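Below: one structure, written as structure tokens.
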Amino acid sequence: MSDATTAVLSSAAIGDEMTPLSRAVTQEQVNAYADASGDHNPIHVDPDFARAVGLPGTIAHGLLDMAILTEAVARWAGGYEQVASVSCRFSKPLLPGQTITCTGRVIDVDDSSGTASLELEAISSSGERVLTNGRATVRLAR
Amino acid sequence: MPDQSHVGRRYEATGQVVDGAGAEAFAKAIAGSDEVFAPGTVPPTYAAVYALYPTLYQLFGDAEVGVNLAGLVHGEQAFEWPTPVRAGDVVDASAVIASVEQKRGMTFLGIEHEAHRQDGAVVCRGRSLMIIR
């Protein structure tokens with residue numbers, strides 16, 4: 001079931017910019033992700049534990065950052081089911097209270113398979129490159 | 001500590017139900033205080049729940065491999081979704097230790113994932129890179 005109000009992207013050209021997505025990530029949201037994913041590692045939810053292992057405080061799950069990056073791709077492509085692949089490196093932690101901004105650019109279009117490839121990254125509001133080496137493939141409407 | 005002898009070890013989690021309520025809670029967590037994107041569809045990275053964690057926790061609990069959880073960092077992740085997953089799908093997930101490398105005093109553990117519906121359609125392939133300090 002796809003969202004009928006969202007138009008599926010039907011064409012793309014090399015150099016096209018993905019519509020950026022910014023989201024303020026709170027500790028409450030990180031706690032909700034811990035509950036929903038089942039990943040309760042204390043570095044994400046326990047500030048004292050996080051500081052004891054040398055972090056500035058709790059950090060968002062890398063897979064939460066990647067989920068927001070994937071949403072950015074899906075919004076641009078017109079639905080989650082258009083997203084064929086996403087990959088990234090978890091380069092720097094995102095700290096609760098920061099805003100993550102996801103950007104991307106089309107680097108290849110394959111007319112025979114009806115897909116477009118993007119390079120992606122995500123930066124934090126303090127300028128850290130949170131997600132690097134990002135790539136995605138989307139299925140275009142045919 | 002993982003070493004070359006552990007390459008090829010396989011962990012399976014069969015009969016994982018892609019739970020609609022669970023996927024909705026996951027979608028809300030991704031949205032935070034924003035509106036949920038595409039309600040009623042399963043966020044692709046919900047693969048963490050039906051494919052990654054059920055197999056990775058077995059690997060992390062494998063005393064013969066001996067992953068030091070206190071030093072574990074998720075370094076990289078790749079996902080492919082050949083067939084979109086839907087709420088109610090029942091999938092069999094597996095994880096295989098694909099590579100173990102020692103570099104700069106750290107261990108780099110590569111893990112390959114696959115999850116398919118019981119009719120054979122592959123809903124997710126993935127690769128995780130875990131770094132153990």
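Going by the structure tokens order, chains are called A, B, ..., each with residues numbered from 1, while ligands are numbered from 1 in the order shown.
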
Write down, as an mmCIF file with C-alpha atoms, in the first residue's frame, each residue of chain B that has any atom within 6 Å of an atom of chain A, counting only C-alpha atoms.
```cif
data_model
loop_
_atom_site.group_PDB
_atom_site.id
_atom_site.type_symbol
_atom_site.label_atom_id
_atom_site.label_comp_id
_atom_site.auth_asym_id
_atom_site.auth_seq_id
_atom_site.Cartn_x
_atom_site.Cartn_y
_atom_site.Cartn_z
ATOM 1 C CA ALA B 25 5.992 2.241 16.375
ATOM 2 C CA PHE B 26 9.284 2.126 14.445
ATOM 3 C CA ALA B 29 10.310 6.751 16.302
ATOM 4 C CA GLY B 32 10.069 12.029 16.208
ATOM 5 C CA ALA B 38 3.858 7.045 4.392
ATOM 6 C CA THR B 45 15.266 -0.057 7.738
ATOM 7 C CA VAL B 49 14.132 -5.686 13.555
ATOM 8 C CA GLY B 75 30.875 1.025 11.350
ATOM 9 C CA GLU B 76 28.950 0.634 8.096
ATOM 10 C CA GLN B 77 25.651 -0.754 6.881
ATOM 11 C CA ALA B 78 24.308 -1.615 3.454
ATOM 12 C CA PHE B 79 20.785 -2.767 2.662
ATOM 13 C CA GLU B 80 19.084 -3.879 -0.548
ATOM 14 C CA TRP B 81 15.354 -4.506 -0.705
ATOM 15 C CA PRO B 84 9.276 -4.440 -0.614
#
```

>> At a cut-off of 12 Å, using only C-alpha atoms, what residues contact B:Thr14? Leave out same-chain residues fewer than 3 positions from it and give the result as number ranges by chain.
In response: B: 11, 17-18, 50-51, 54-55, 90-95, 114-118

Using the selection just defined, write its residues with N, CA and C atoms as a CSV table (one decimal), in the first residue's frame.
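In the end it all went to out_10.csv:
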```csv
chain,number,residue,atom,x,y,z
B,11,TYR,N,24.0,-17.8,11.4
B,11,TYR,CA,23.0,-17.7,12.5
B,11,TYR,C,21.6,-17.5,11.8
B,17,VAL,N,7.8,-12.7,12.0
B,17,VAL,CA,6.6,-12.0,11.5
B,17,VAL,C,6.9,-10.5,11.5
B,18,VAL,N,6.7,-9.9,10.3
B,18,VAL,CA,6.8,-8.4,10.2
B,18,VAL,C,5.5,-7.8,10.7
B,50,TYR,N,13.6,-7.3,11.8
B,50,TYR,CA,13.2,-8.6,11.3
B,50,TYR,C,14.4,-9.4,10.8
B,51,ALA,N,15.5,-8.7,10.5
B,51,ALA,CA,16.7,-9.4,9.9
B,51,ALA,C,18.0,-9.3,10.8
B,54,PRO,N,17.7,-10.2,15.3
B,54,PRO,CA,17.5,-11.6,15.7
B,54,PRO,C,18.7,-12.5,15.4
B,55,THR,N,19.5,-12.2,14.4
B,55,THR,CA,20.6,-13.0,14.1
B,55,THR,C,21.9,-12.4,14.8
B,90,VAL,N,6.0,-13.2,6.6
B,90,VAL,CA,6.7,-14.0,7.5
B,90,VAL,C,8.0,-14.3,6.8
B,91,VAL,N,9.1,-14.0,7.5
B,91,VAL,CA,10.4,-14.1,6.8
B,91,VAL,C,11.4,-15.0,7.6
B,92,ASP,N,12.3,-15.6,6.9
B,92,ASP,CA,13.4,-16.4,7.5
B,92,ASP,C,14.7,-15.5,7.3
B,93,ALA,N,15.4,-15.2,8.4
B,93,ALA,CA,16.5,-14.3,8.3
B,93,ALA,C,17.8,-15.1,8.6
B,94,SER,N,18.9,-14.7,8.0
B,94,SER,CA,20.2,-15.4,8.3
B,94,SER,C,21.3,-14.3,8.3
B,95,ALA,N,22.3,-14.6,9.1
B,95,ALA,CA,23.5,-13.8,9.1
B,95,ALA,C,24.7,-14.7,9.0
B,114,GLU,N,20.6,-11.9,5.0
B,114,GLU,CA,19.6,-12.2,3.9
B,114,GLU,C,18.3,-12.5,4.7
B,115,ALA,N,17.2,-12.0,4.1
B,115,ALA,CA,15.9,-12.4,4.7
B,115,ALA,C,14.9,-12.6,3.5
B,116,HIS,N,14.2,-13.7,3.5
B,116,HIS,CA,13.3,-14.0,2.4
B,116,HIS,C,12.0,-14.5,3.0
B,117,ARG,N,10.9,-14.2,2.2
B,117,ARG,CA,9.6,-14.7,2.6
B,117,ARG,C,9.5,-16.2,2.4
B,118,GLN,N,8.5,-16.8,3.0
B,118,GLN,CA,8.5,-18.2,2.9
B,118,GLN,C,8.1,-18.7,1.5
```

> Distance atom CA of B:Arg86-atom CA of B:Arg125, one decimal place?
Replying inline: 15.7 Å

>> I need the residue nearest A:Pro42 from this list: B:Val96, B:Ile131, B:Leu69, B:Ile111. Use only C-alpha atoms for the distance.
In response: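 The answer is B:Leu69, which sits nearest to A:Pro42.
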
> Which residues, written as a ChimeraX atom specification, have at least one atom at most 12 Å from stretch 59-64 of chain B, with only C-alpha atoms counted and residues fewer than 5 positions away on the same chain left out?
Replying inline: /B:1-3,5-13,52-54,69-72,94-97,109-111,130,132

Residues as selected, C-alpha atoms, written as a CSV table (one decimal), in the first residue's frame, can you do that?
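Saved as out.csv:
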```csv
chain,number,residue,atom,x,y,z
B,1,MET,CA,37.9,-12.4,20.0
B,2,PRO,CA,36.7,-13.2,16.4
B,3,ASP,CA,39.3,-14.6,14.1
B,5,SER,CA,38.4,-19.5,11.9
B,6,HIS,CA,34.9,-18.0,12.5
B,7,VAL,CA,34.4,-17.0,8.9
B,8,GLY,CA,31.4,-18.9,7.5
B,9,ARG,CA,29.5,-19.2,10.9
B,10,ARG,CA,25.8,-18.8,10.2
B,11,TYR,CA,23.0,-17.7,12.5
B,12,GLU,CA,19.3,-18.2,11.6
B,13,ALA,CA,16.1,-16.7,12.8
B,52,LEU,CA,19.6,-7.9,11.8
B,53,TYR,CA,19.0,-8.0,15.5
B,54,PRO,CA,17.5,-11.6,15.7
B,69,LEU,CA,30.3,-5.9,23.4
B,70,ALA,CA,31.7,-3.1,25.4
B,71,GLY,CA,34.1,-2.2,22.5
B,72,LEU,CA,31.6,-2.8,19.7
B,94,SER,CA,20.2,-15.4,8.3
B,95,ALA,CA,23.5,-13.8,9.1
B,96,VAL,CA,26.9,-15.2,8.0
B,97,ILE,CA,30.3,-14.0,9.2
B,109,LEU,CA,33.9,-8.0,11.4
B,110,GLY,CA,31.9,-8.2,8.1
B,111,ILE,CA,28.5,-9.9,8.3
B,130,MET,CA,31.2,-4.1,13.0
B,132,ILE,CA,35.6,-4.1,17.9
```

> Could you write out, as a PyMOL selection string, all the residues of chain A that DSSP marks as strand (DSSP E or B)?
Replying inline: chain A and resi 17+21-24+83-90+99-110+115-124+129-139

>> As an exercise, work out the distance from atom CA of A:Thr99 to atom CA of A:Leu69 in Å and give it to one decimal place.
In response: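 Distance between the two atoms: 12.5 Å.
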